[in-house]
>>> print(open('target39.tsv').read())   # TSV, C-alpha atoms
chain	number	residue	atom	x	y	z
A	17	MET	CA	57.21	5.04	66.12
A	18	VAL	CA	58.18	7.97	63.89
A	19	LEU	CA	56.99	7.80	60.29
A	20	HIS	CA	59.08	9.55	57.62
A	21	ARG	CA	57.68	11.02	54.46
A	22	ASN	CA	60.89	9.95	52.71
A	23	PRO	CA	63.18	7.12	53.81
A	24	PRO	CA	66.45	8.32	55.38
A	25	ARG	CA	69.52	8.21	53.16
A	26	LEU	CA	72.52	6.13	54.16
A	27	PHE	CA	75.08	8.17	56.13
A	28	GLY	CA	73.03	11.32	55.44
A	29	PHE	CA	73.47	11.09	51.68
A	30	LYS	CA	72.97	8.67	48.84
A	31	SER	CA	76.30	6.90	49.10
A	32	LYS	CA	78.27	5.42	46.22
A	33	ILE	CA	78.20	2.09	48.06
A	34	PHE	CA	74.40	2.11	48.03
A	35	VAL	CA	74.24	3.00	44.33
A	36	THR	CA	76.78	0.31	43.42
A	37	LEU	CA	74.96	-2.31	45.48
A	38	THR	CA	71.63	-1.41	43.86
A	39	LYS	CA	73.07	-1.69	40.36
A	40	THR	CA	74.67	-5.02	41.22
A	41	LEU	CA	71.41	-6.49	42.52
A	42	ARG	CA	69.59	-5.34	39.39
A	43	SER	CA	72.21	-6.90	37.18
A	44	VAL	CA	72.01	-10.34	38.84
A	45	ARG	CA	68.21	-10.60	38.94
A	46	VAL	CA	68.05	-12.95	36.00
A	47	HIS	CA	70.28	-15.50	37.75
A	48	PHE	CA	68.03	-16.14	40.74
A	49	PRO	CA	64.53	-17.73	40.80
A	50	MET	CA	63.37	-15.20	43.43
A	51	TYR	CA	63.78	-12.47	40.84
A	52	GLN	CA	61.76	-14.17	38.14
A	53	SER	CA	59.11	-12.05	36.43
A	54	GLU	CA	56.11	-11.14	38.55
A	55	ASN	CA	53.70	-12.95	36.23
A	56	ASN	CA	55.66	-16.20	36.32
A	57	ARG	CA	55.95	-16.13	40.10
A	58	GLU	CA	52.23	-15.45	40.51
A	59	ASP	CA	51.34	-18.27	38.12
A	60	SER	CA	53.45	-20.75	40.10
A	61	GLU	CA	51.92	-19.72	43.43
A	62	ARG	CA	48.30	-19.29	42.37
A	63	THR	CA	45.76	-21.75	43.78
A	64	ALA	CA	42.49	-22.79	42.14
A	65	PHE	CA	40.72	-20.16	44.24
A	66	ARG	CA	43.19	-17.45	43.23
A	67	ARG	CA	42.90	-18.38	39.56
A	68	THR	CA	39.13	-17.95	39.75
A	69	GLU	CA	39.50	-14.65	41.60
A	70	LYS	CA	41.74	-13.38	38.81
A	71	LYS	CA	39.29	-14.60	36.18
A	72	TYR	CA	36.51	-12.33	37.48
A	73	LYS	CA	38.52	-9.44	38.92
A	74	LEU	CA	38.15	-5.98	37.35
A	75	TYR	CA	40.91	-5.18	34.87
A	76	TYR	CA	41.10	-2.24	32.52
A	77	ASP	CA	42.05	-2.30	28.86
A	78	ASN	CA	45.70	-1.26	28.64
A	79	ASN	CA	45.20	-0.17	25.05
A	80	ALA	CA	42.88	2.65	26.06
A	81	SER	CA	44.32	6.06	25.13
A	82	SER	CA	43.53	7.68	28.47
A	83	LYS	CA	45.43	6.89	31.66
A	84	ASN	CA	42.42	7.96	33.72
A	85	LYS	CA	40.50	4.89	34.95
A	86	LYS	CA	37.24	6.77	34.64
A	87	ASN	CA	37.74	6.91	30.89
A	88	LYS	CA	39.10	3.38	30.53
A	89	GLN	CA	36.92	0.48	29.55
A	90	PRO	CA	36.86	-2.68	31.71
A	91	LYS	CA	38.20	-5.75	30.00
A	92	PRO	CA	35.43	-8.16	28.94
A	93	VAL	CA	34.83	-11.04	31.33
A	94	ASP	CA	33.17	-14.39	30.56
A	95	LEU	CA	30.17	-14.72	32.90
A	96	THR	CA	28.63	-17.82	31.34
A	97	GLU	CA	29.71	-20.05	34.25
A	98	VAL	CA	28.33	-17.75	36.96
A	99	LEU	CA	25.34	-19.23	38.78
A	100	ASP	CA	22.33	-16.91	38.63
A	101	PHE	CA	19.78	-17.69	41.34
A	102	ARG	CA	17.37	-15.05	40.07
A	103	SER	CA	17.16	-16.83	36.72
A	104	ILE	CA	16.92	-20.17	38.52
A	105	LEU	CA	14.02	-18.84	40.58
A	106	GLU	CA	12.20	-17.53	37.50
A	107	CYS	CA	12.70	-20.82	35.68
A	108	HIS	CA	11.50	-22.78	38.70
A	109	HIS	CA	8.34	-20.66	38.88
A	110	ARG	CA	7.63	-21.32	35.19
A	111	ASN	CA	8.23	-25.06	34.92
A	112	LEU	CA	9.55	-26.32	38.29
A	113	GLU	CA	12.93	-27.14	36.72
A	114	LEU	CA	16.22	-26.74	38.58
A	115	PRO	CA	19.85	-27.03	37.46
A	116	GLN	CA	21.68	-30.17	38.51
A	117	GLY	CA	22.96	-29.88	42.08
A	118	VAL	CA	20.55	-27.09	43.08
A	119	VAL	CA	17.79	-27.88	45.57
A	120	VAL	CA	14.83	-25.74	46.64
A	121	LEU	CA	13.56	-26.07	50.18
A	122	GLN	CA	9.83	-26.74	50.06
A	123	ASP	CA	8.91	-25.38	53.45
A	124	LYS	CA	7.03	-22.56	55.14
A	125	PHE	CA	9.60	-19.84	54.52
A	126	SER	CA	8.42	-16.48	53.22
A	127	SER	CA	10.83	-16.62	50.27
A	128	PRO	CA	12.15	-19.54	48.17
A	129	VAL	CA	15.38	-20.88	49.65
A	130	PHE	CA	17.96	-22.70	47.52
A	131	SER	CA	20.75	-24.99	48.66
A	132	LEU	CA	23.59	-26.80	46.90
A	133	GLN	CA	24.02	-30.58	47.12
A	134	ASN	CA	27.82	-30.29	47.10
A	135	HIS	CA	27.90	-27.56	49.75
A	136	PRO	CA	25.82	-28.61	52.77
A	137	GLY	CA	25.06	-25.72	55.09
A	138	PHE	CA	24.98	-23.13	52.30
A	139	TYR	CA	21.66	-21.41	51.53
A	140	PHE	CA	20.78	-18.69	49.03
A	141	ILE	CA	17.59	-16.59	49.30
A	142	PRO	CA	17.20	-14.41	46.19
A	143	GLY	CA	15.37	-11.13	46.69
A	144	ALA	CA	14.75	-11.82	50.37
A	145	LEU	CA	14.75	-8.13	51.32
A	146	SER	CA	11.97	-5.80	50.21
A	147	ILE	CA	12.92	-2.63	48.37
A	148	GLU	CA	11.87	-0.57	51.39
A	149	LYS	CA	14.05	-2.67	53.71
A	150	GLN	CA	17.01	-2.36	51.35
A	151	CYS	CA	16.70	1.43	51.34
A	152	ASP	CA	16.39	1.55	55.12
A	153	LEU	CA	19.52	-0.58	55.54
A	154	VAL	CA	21.49	1.54	53.06
A	155	ARG	CA	20.63	4.65	55.07
A	156	GLU	CA	21.51	3.01	58.39
A	157	SER	CA	24.75	1.54	57.03
A	158	LEU	CA	25.98	5.01	56.11
A	159	THR	CA	24.64	7.11	58.99
A	160	GLU	CA	24.06	4.94	62.08
A	161	PHE	CA	26.23	1.82	61.84
A	162	PRO	CA	29.63	3.62	61.63
A	163	GLN	CA	28.83	5.79	64.67
A	164	PRO	CA	31.00	5.33	67.80
A	165	PRO	CA	31.33	3.25	69.87
A	166	ASN	CA	31.06	1.06	66.78
A	167	ARG	CA	34.48	0.90	65.17
A	168	THR	CA	35.60	1.37	61.60
A	169	ASN	CA	38.83	0.93	59.67
A	170	HIS	CA	39.49	4.65	60.35
A	171	ASN	CA	39.77	4.21	64.14
A	172	ALA	CA	43.43	3.24	64.20
A	173	ILE	CA	44.47	6.52	62.55
A	174	TYR	CA	41.81	9.08	63.40
A	175	GLY	CA	40.09	7.64	66.46
A	176	PRO	CA	36.28	7.61	66.68
A	177	ILE	CA	34.69	9.69	63.92
A	178	HIS	CA	31.20	11.02	64.52
A	179	ASN	CA	28.73	11.77	61.71
A	180	LEU	CA	31.09	10.90	58.85
A	181	PHE	CA	28.37	10.67	56.20
A	182	VAL	CA	26.84	14.03	57.17
A	183	ALA	CA	30.29	15.67	57.22
A	184	ALA	CA	31.07	14.31	53.76
A	185	LYS	CA	27.71	15.54	52.48
A	186	GLU	CA	28.40	19.03	53.86
A	187	GLY	CA	31.93	19.16	52.45
A	188	LYS	CA	33.62	19.32	55.85
A	189	ILE	CA	37.28	18.66	56.59
A	190	LEU	CA	38.64	16.50	59.45
A	191	VAL	CA	41.51	18.37	61.13
A	192	GLU	CA	44.05	17.16	63.69
A	193	GLU	CA	43.81	19.36	66.77
A	194	LYS	CA	46.76	18.09	68.78
A	195	SER	CA	49.71	15.72	68.54
A	196	PRO	CA	48.82	12.04	68.43
A	197	ILE	CA	49.29	9.86	71.49
A	198	THR	CA	52.59	7.99	71.36
A	199	SER	CA	52.53	4.22	70.95
A	200	HIS	CA	53.79	3.47	74.49
A	201	GLU	CA	50.81	5.25	76.00
A	202	CYS	CA	48.20	2.88	74.63
A	203	SER	CA	47.62	-0.85	74.94
A	204	SER	CA	45.86	-1.54	71.65
A	205	ASP	CA	44.59	0.05	68.45
A	206	PHE	CA	41.25	0.56	70.15
A	207	ASP	CA	42.68	2.58	73.06
A	208	CYS	CA	45.12	4.82	71.20
A	209	ARG	CA	42.72	7.68	70.50
A	210	ASP	CA	40.42	9.55	72.82
A	211	GLY	CA	38.17	11.04	70.12
A	212	GLU	CA	39.38	14.63	70.64
A	213	GLU	CA	42.42	14.71	68.37
A	214	TRP	CA	40.52	15.09	65.11
A	215	LYS	CA	37.52	17.33	64.55
A	216	PHE	CA	35.40	18.34	61.55
A	217	PHE	CA	35.52	21.96	60.37
A	218	THR	CA	34.18	23.81	57.38
A	219	GLU	CA	36.59	24.17	54.49
A	220	LYS	CA	37.18	27.84	55.32
A	221	GLU	CA	37.89	27.08	59.00
A	222	ALA	CA	40.20	24.22	58.09
A	223	SER	CA	42.23	26.45	55.77
A	224	LEU	CA	43.09	28.72	58.71
A	225	ARG	CA	44.60	25.85	60.69
A	226	LYS	CA	48.13	24.69	59.91
A	227	CYS	CA	47.40	21.09	60.84
A	228	LYS	CA	47.05	17.74	59.14
A	229	SER	CA	43.66	17.35	57.51
A	230	VAL	CA	41.59	15.07	55.30
A	231	SER	CA	38.26	15.69	53.63
A	232	GLY	CA	35.13	13.93	54.86
A	233	SER	CA	34.34	12.82	51.31
A	234	SER	CA	37.75	11.14	51.06
A	235	LEU	CA	37.19	9.32	54.36
A	236	LEU	CA	33.77	8.16	53.19
A	237	ARG	CA	35.27	6.76	49.97
A	238	LYS	CA	37.87	4.94	52.06
A	239	LEU	CA	35.38	3.52	54.56
A	240	ARG	CA	35.83	-0.28	54.29
A	241	TRP	CA	34.18	-1.76	57.38
A	242	SER	CA	32.31	-0.96	60.56
A	243	THR	CA	31.29	-3.15	63.47
A	244	LEU	CA	28.02	-3.73	65.28
A	245	GLY	CA	27.43	-5.44	68.61
A	246	LEU	CA	30.37	-7.28	70.15
A	247	GLN	CA	33.64	-5.84	68.87
A	248	PHE	CA	36.19	-7.93	67.03
A	249	ASP	CA	39.76	-7.24	68.15
A	250	TRP	CA	41.73	-7.50	64.91
A	251	SER	CA	45.11	-7.44	66.70
A	252	ASN	CA	44.22	-10.56	68.71
A	253	ARG	CA	41.92	-12.12	66.10
A	254	ASN	CA	39.13	-12.65	68.58
A	255	TYR	CA	36.09	-10.95	70.09
A	256	ASN	CA	36.77	-8.65	73.02
A	257	VAL	CA	33.66	-8.47	75.20
A	258	SER	CA	35.27	-5.78	77.39
A	259	LEU	CA	35.30	-3.22	74.59
A	260	GLN	CA	32.51	-0.67	74.73
A	261	HIS	CA	29.77	-1.42	72.23
A	262	ASN	CA	26.10	-0.97	71.45
A	263	LYS	CA	23.85	-3.93	70.84
A	264	ILE	CA	22.80	-4.68	67.29
A	265	PRO	CA	19.64	-2.68	66.53
A	266	GLU	CA	16.52	-4.64	67.46
A	267	ALA	CA	14.99	-4.44	63.98
A	268	LEU	CA	18.14	-5.91	62.41
A	269	CYS	CA	18.24	-8.64	65.07
A	270	GLU	CA	14.65	-9.68	64.34
A	271	LEU	CA	15.32	-9.67	60.60
A	272	ALA	CA	18.40	-11.87	61.05
A	273	LYS	CA	16.50	-14.31	63.28
A	274	GLN	CA	13.83	-14.78	60.63
A	275	LEU	CA	16.29	-15.14	57.78
A	276	ALA	CA	18.45	-17.66	59.68
A	277	LYS	CA	15.64	-20.22	60.10
A	278	PRO	CA	16.38	-22.32	56.97
A	279	ALA	CA	19.88	-23.04	58.32
A	280	LEU	CA	18.73	-24.15	61.79
A	281	PRO	CA	16.87	-27.16	63.21
A	282	ALA	CA	13.24	-26.55	64.13
A	283	GLY	CA	12.93	-24.83	67.49
A	284	VAL	CA	16.51	-23.47	67.53
A	285	GLU	CA	16.74	-19.68	67.44
A	286	PHE	CA	19.61	-17.61	66.07
A	287	GLN	CA	21.04	-15.08	68.56
A	288	PRO	CA	22.64	-12.11	66.74
A	289	GLU	CA	25.54	-10.83	68.82
A	290	ALA	CA	27.97	-9.22	66.37
A	291	ALA	CA	28.04	-7.95	62.82
A	292	ILE	CA	30.50	-6.52	60.35
A	293	VAL	CA	29.41	-4.09	57.66
A	294	ASN	CA	31.65	-4.17	54.57
A	295	TYR	CA	31.73	-1.29	52.07
A	296	PHE	CA	32.87	-1.93	48.49
A	297	ALA	CA	33.71	0.58	45.76
A	298	SER	CA	34.56	-0.10	42.13
A	299	GLY	CA	37.63	-2.33	41.95
A	300	ASP	CA	37.41	-3.43	45.59
A	301	THR	CA	37.60	-7.14	46.36
A	302	LEU	CA	37.30	-9.43	49.36
A	303	GLY	CA	39.93	-12.15	49.13
A	304	GLY	CA	39.23	-15.80	49.84
A	305	HIS	CA	38.92	-16.40	53.58
A	306	LEU	CA	37.18	-18.34	56.35
A	307	ASP	CA	34.91	-16.87	59.03
A	308	ASP	CA	36.14	-19.05	61.88
A	309	MET	CA	36.26	-16.87	64.99
A	310	GLU	CA	32.84	-17.80	66.37
A	311	ALA	CA	32.48	-20.59	68.95
A	312	ASP	CA	29.64	-22.58	67.34
A	313	TRP	CA	29.90	-23.11	63.59
A	314	SER	CA	26.52	-24.83	63.50
A	315	LYS	CA	25.02	-21.35	63.81
A	316	PRO	CA	24.88	-19.52	60.48
A	317	ILE	CA	26.41	-16.31	59.28
A	318	VAL	CA	23.55	-14.24	57.87
A	319	SER	CA	24.84	-12.12	54.99
A	320	LEU	CA	22.76	-9.31	53.44
A	321	SER	CA	23.65	-7.72	50.09
A	322	LEU	CA	22.84	-4.09	49.24
A	323	GLY	CA	23.68	-1.97	46.22
A	324	CYS	CA	25.61	-2.93	43.11
A	325	LYS	CA	25.67	-6.51	41.89
A	326	ALA	CA	28.69	-8.64	42.80
A	327	ILE	CA	30.23	-12.01	42.09
A	328	PHE	CA	30.53	-14.29	45.12
A	329	LEU	CA	32.89	-17.27	45.15
A	330	LEU	CA	32.10	-20.33	47.26
A	331	GLY	CA	35.00	-22.76	47.45
A	332	GLY	CA	35.88	-25.81	49.48
A	333	LYS	CA	37.91	-26.53	52.58
A	334	SER	CA	41.15	-25.93	50.68
A	335	ARG	CA	42.20	-23.07	48.44
A	336	GLU	CA	43.03	-25.75	45.89
A	337	ASP	CA	39.32	-26.53	45.52
A	338	ALA	CA	37.89	-24.69	42.52
A	339	PRO	CA	35.15	-22.30	43.75
A	340	LEU	CA	31.65	-21.90	42.37
A	341	ALA	CA	30.84	-18.37	41.17
A	342	MET	CA	27.39	-16.84	41.64
A	343	PHE	CA	25.79	-13.41	41.32
A	344	LEU	CA	24.80	-11.46	44.43
A	345	ARG	CA	22.25	-8.71	43.86
A	346	SER	CA	20.82	-6.08	46.17
A	347	GLY	CA	18.29	-7.79	48.42
A	348	ASP	CA	19.83	-11.26	48.21
A	349	VAL	CA	20.67	-13.14	51.41
A	350	VAL	CA	23.26	-15.88	51.93
A	351	LEU	CA	23.41	-18.24	54.93
A	352	MET	CA	26.53	-20.27	55.79
A	353	ALA	CA	26.33	-22.82	58.59
A	354	GLY	CA	27.89	-26.14	59.56
A	355	GLU	CA	30.21	-27.51	56.86
A	356	ALA	CA	29.79	-24.35	54.77
A	357	ARG	CA	31.54	-22.42	57.56
A	358	GLU	CA	34.69	-24.37	56.68
A	359	CYS	CA	34.62	-23.29	53.03
A	360	PHE	CA	36.75	-20.49	51.59
A	361	HIS	CA	34.71	-17.69	50.09
A	362	GLY	CA	35.22	-14.19	48.73
A	363	VAL	CA	34.08	-11.40	46.43
A	364	PRO	CA	36.37	-10.76	43.43
A	365	ARG	CA	34.16	-8.26	41.59
A	366	ILE	CA	31.40	-5.71	41.92
A	367	PHE	CA	29.69	-4.16	38.90
A	368	THR	CA	29.22	-0.40	39.07
A	369	ASP	CA	28.39	0.30	35.41
A	370	LYS	CA	24.75	1.10	34.71
A	371	GLU	CA	24.26	-1.95	32.51
A	372	ASN	CA	25.37	-4.51	35.08
A	373	ALA	CA	24.88	-2.89	38.52
A	374	GLU	CA	21.15	-3.79	38.49
A	375	ILE	CA	20.02	-1.24	41.06
A	376	GLY	CA	17.16	0.31	39.09
A	377	HIS	CA	14.73	-0.50	41.89
A	378	LEU	CA	16.85	1.51	44.36
A	379	GLU	CA	17.15	4.41	41.92
A	380	THR	CA	13.38	4.47	41.61
A	381	GLN	CA	12.88	4.43	45.38
A	382	LEU	CA	15.60	6.90	46.47
A	383	THR	CA	14.18	9.93	44.66
A	384	GLN	CA	13.39	12.30	47.53
A	385	GLU	CA	15.80	15.20	48.01
A	386	ASP	CA	17.00	13.82	51.35
A	387	ASP	CA	17.79	10.48	49.70
A	388	LEU	CA	19.87	11.74	46.78
A	389	CYS	CA	23.09	11.56	48.81
A	390	PHE	CA	22.41	7.88	49.55
A	391	LEU	CA	21.60	7.25	45.90
A	392	ASN	CA	24.83	8.90	44.74
A	393	TYR	CA	26.79	6.62	47.06
A	394	ILE	CA	25.05	3.33	46.30
A	395	GLN	CA	25.14	3.84	42.52
A	396	THR	CA	28.86	3.01	42.60
A	397	SER	CA	29.07	0.91	45.76
A	398	ARG	CA	28.05	-2.32	47.43
A	399	ILE	CA	27.31	-2.83	51.13
A	400	ASN	CA	27.35	-6.21	52.85
A	401	ILE	CA	26.05	-6.79	56.37
A	402	ASN	CA	27.04	-10.14	57.88
A	403	ILE	CA	25.55	-11.03	61.25
A	404	ARG	CA	26.92	-13.67	63.61
A	405	GLN	CA	26.16	-15.51	66.82
A	406	VAL	CA	29.45	-15.40	68.70
A	407	PHE	CA	28.85	-17.80	71.60
>>> encode(input="target39.tsv", output="structure tokens")
Amino acid sequence: MVLHRNPPRLFGFKSKIFVTLTKTLRSVRVHFPMYQSENNREDSERTAFRRTEKKYKLYYDNNASSKNKKNKQPKPVDLTEVLDFRSILECHHRNLELPQGVVVLQDKFSSPVFSLQNHPGFYFIPGALSIEKQCDLVRESLTEFPQPPNRTNHNAIYGPIHNLFVAAKEGKILVEEKSPITSHECSSDFDCRDGEEWKFFTEKEASLRKCKSVSGSSLLRKLRWSTLGLQFDWSNRNYNVSLQHNKIPEALCELAKQLAKPALPAGVEFQPEAAIVNYFASGDTLGGHLDDMEADWSKPIVSLSLGCKAIFLLGGKSREDAPLAMFLRSGDVVLMAGEARECFHGVPRIFTDKENAEIGHLETQLTQEDDLCFLNYIQTSRININIRQVF
């Protein structure tokens, strides 16, 4: 398929027929419901889940004098209804009190585990990850986890990209070395590139080449997901065991097995087989969805939070069910198993401002010269690692 920078004009020029037709359509907009104002149409289509997403989503003050988002102030958001498990844990330690509907599992787990009476199969472990473990996972998420044969959202366009984080740190440029493979030569998004079409060069070397290029720093900012273990085939919405992959690192597997225990019957062990690493920047969201591609929903999804604080929405089995909002901080762990696997969930907001990001413990730990690049990234980002048993 050939992509055009500009759409072709009718008959080689912008015809009078086209102009007349455009003006006519604009003039009759008010007579048809399909052309009602965007706000009215969104209001009529919005579900309870969507309304809550909008409530917490990042919006900027339109009255700000500057058009640059960096200089704009976020609109205030009411957070009084957001469940805060850190505060619940502190209160429980002081006087053993819990909010209505929140249950603490009194068992032999290393960290307090909370569940919700109205959401069986959902478990929240505040501060489950040590500061050292959080820092290790941040480093791995940026340097090791996106490495081929693991796939990222960049694969479909650029093919496998090696050492993206290092290239971004060194200011390198990714340059296209040859014409891309045509669509009829490949069977899927995963097979279209052979890894030799794009290569990193220094800025000076890249300037001498008259080829398409993109900076490593830009690619890092646009990194949205990477895979671990068994690869998910997005085109077929299923796992493809034939795709080349590395196993999930042993240390991460053992961590997931330990964390999954509250969501499993005694004697049943979680088997980590696949994981997706999500990368969030300021303004990024994860819309309401279900994780329903695994064979056995009794096995939990183990979700680890790193970096800036976020709001997590846990809904019901329909988008019309109003979701419960809760804070997710760096080091928190969420488990979803059984009935909770059938519940819509999403992330409408991350907080990257210094007052609300709540990553002071990471800033204190990542002080060595070699860690400053990781600190610069995580100060305005959130990373989520969710680990699954596929079969």
>>> closest_residue(input="target39.tsv", among="A:Gly232, A:Gly137, A:Pro128, A:Pro281", to="His178 of chain A", atoms="only C-alpha atoms")
A:Gly232
>>> atom_distance(input="target39.tsv", atom1="atom CA of Ser234 of chain A", atom2="atom CA of Cys324 of chain A")
20.2 Å
>>> residues_around(input="target39.tsv", residues="Ser157 of chain A", least_positions_apart="4", cutoff="8 Å", atoms="only C-alpha atoms", output="ChimeraX atom specification")
/A:153,161-162,293,399
>>> residues_around(input="target39.tsv", residues="Phe367 of chain A", least_positions_apart="6", cutoff="8 Å", atoms="only C-alpha atoms", output="ChimeraX atom specification")
/A:298,324-326,373
>>> residues_around(input="target39.tsv", residues="Leu302 of chain A", least_positions_apart="2", cutoff="12 Å", atoms="only C-alpha atoms", output="list in words")
Arg66, Glu69, Lys73, Arg240, Trp241, Asn294, Tyr295, Phe296, Ala297, Gly299, Asp300, Gly304, His305, Leu306, Ala326, Ile327, Phe328, Leu329, Phe360, His361, Gly362, Val363, Pro364, Arg365, Ile366, Arg398 and Asn400 of chain A
>>> residues_near_point(input="target39.tsv", point="(33.6, -6.6, 72.0)", cutoff="12 Å", atoms="all atoms listed in the file", output="VMD selection string")
chain A and resid 165 to 167 206 243 to 250 252 to 264 289 to 291 406
>>> atom_distance(input="target39.tsv", atom1="atom CA of Glu379 of chain A", atom2="atom CA of Phe140 of chain A")
24.4 Å
>>> residues_around(input="target39.tsv", residues="His377 of chain A", least_positions_apart="3", cutoff="12 Å", atoms="only C-alpha atoms", output="PDB file with C-alpha atoms, in the coordinates of the input")
ATOM      1  CA  GLY A 143      15.370 -11.130  46.690  1.00  0.00           C
ATOM      2  CA  SER A 146      11.970  -5.800  50.210  1.00  0.00           C
ATOM      3  CA  ILE A 147      12.920  -2.630  48.370  1.00  0.00           C
ATOM      4  CA  GLU A 148      11.870  -0.570  51.390  1.00  0.00           C
ATOM      5  CA  GLN A 150      17.010  -2.360  51.350  1.00  0.00           C
ATOM      6  CA  CYS A 151      16.700   1.430  51.340  1.00  0.00           C
ATOM      7  CA  LEU A 322      22.840  -4.090  49.240  1.00  0.00           C
ATOM      8  CA  GLY A 323      23.680  -1.970  46.220  1.00  0.00           C
ATOM      9  CA  CYS A 324      25.610  -2.930  43.110  1.00  0.00           C
ATOM     10  CA  ARG A 345      22.250  -8.710  43.860  1.00  0.00           C
ATOM     11  CA  SER A 346      20.820  -6.080  46.170  1.00  0.00           C
ATOM     12  CA  GLY A 347      18.290  -7.790  48.420  1.00  0.00           C
ATOM     13  CA  ALA A 373      24.880  -2.890  38.520  1.00  0.00           C
ATOM     14  CA  GLU A 374      21.150  -3.790  38.490  1.00  0.00           C
ATOM     15  CA  THR A 380      13.380   4.470  41.610  1.00  0.00           C
ATOM     16  CA  GLN A 381      12.880   4.430  45.380  1.00  0.00           C
ATOM     17  CA  LEU A 382      15.600   6.900  46.470  1.00  0.00           C
ATOM     18  CA  THR A 383      14.180   9.930  44.660  1.00  0.00           C
ATOM     19  CA  LEU A 391      21.600   7.250  45.900  1.00  0.00           C
ATOM     20  CA  ILE A 394      25.050   3.330  46.300  1.00  0.00           C
ATOM     21  CA  GLN A 395      25.140   3.840  42.520  1.00  0.00           C
TER      22      GLN A 395
END
>>> closest_residue(input="target39.tsv", among="A:His108, A:Lys91, A:Arg62, A:Lys149", to="Tyr76 of chain A", atoms="all atoms listed in the file")
A:Lys91
>>> atom_distance(input="target39.tsv", atom1="atom CA of Leu235 of chain A", atom2="atom CA of Asn169 of chain A")
10.1 Å
>>> closest_residue(input="target39.tsv", among="A:Leu180, A:Ser251, A:Gly175, A:Tyr75", to="Trp214 of chain A", atoms="only C-alpha atoms")
A:Gly175
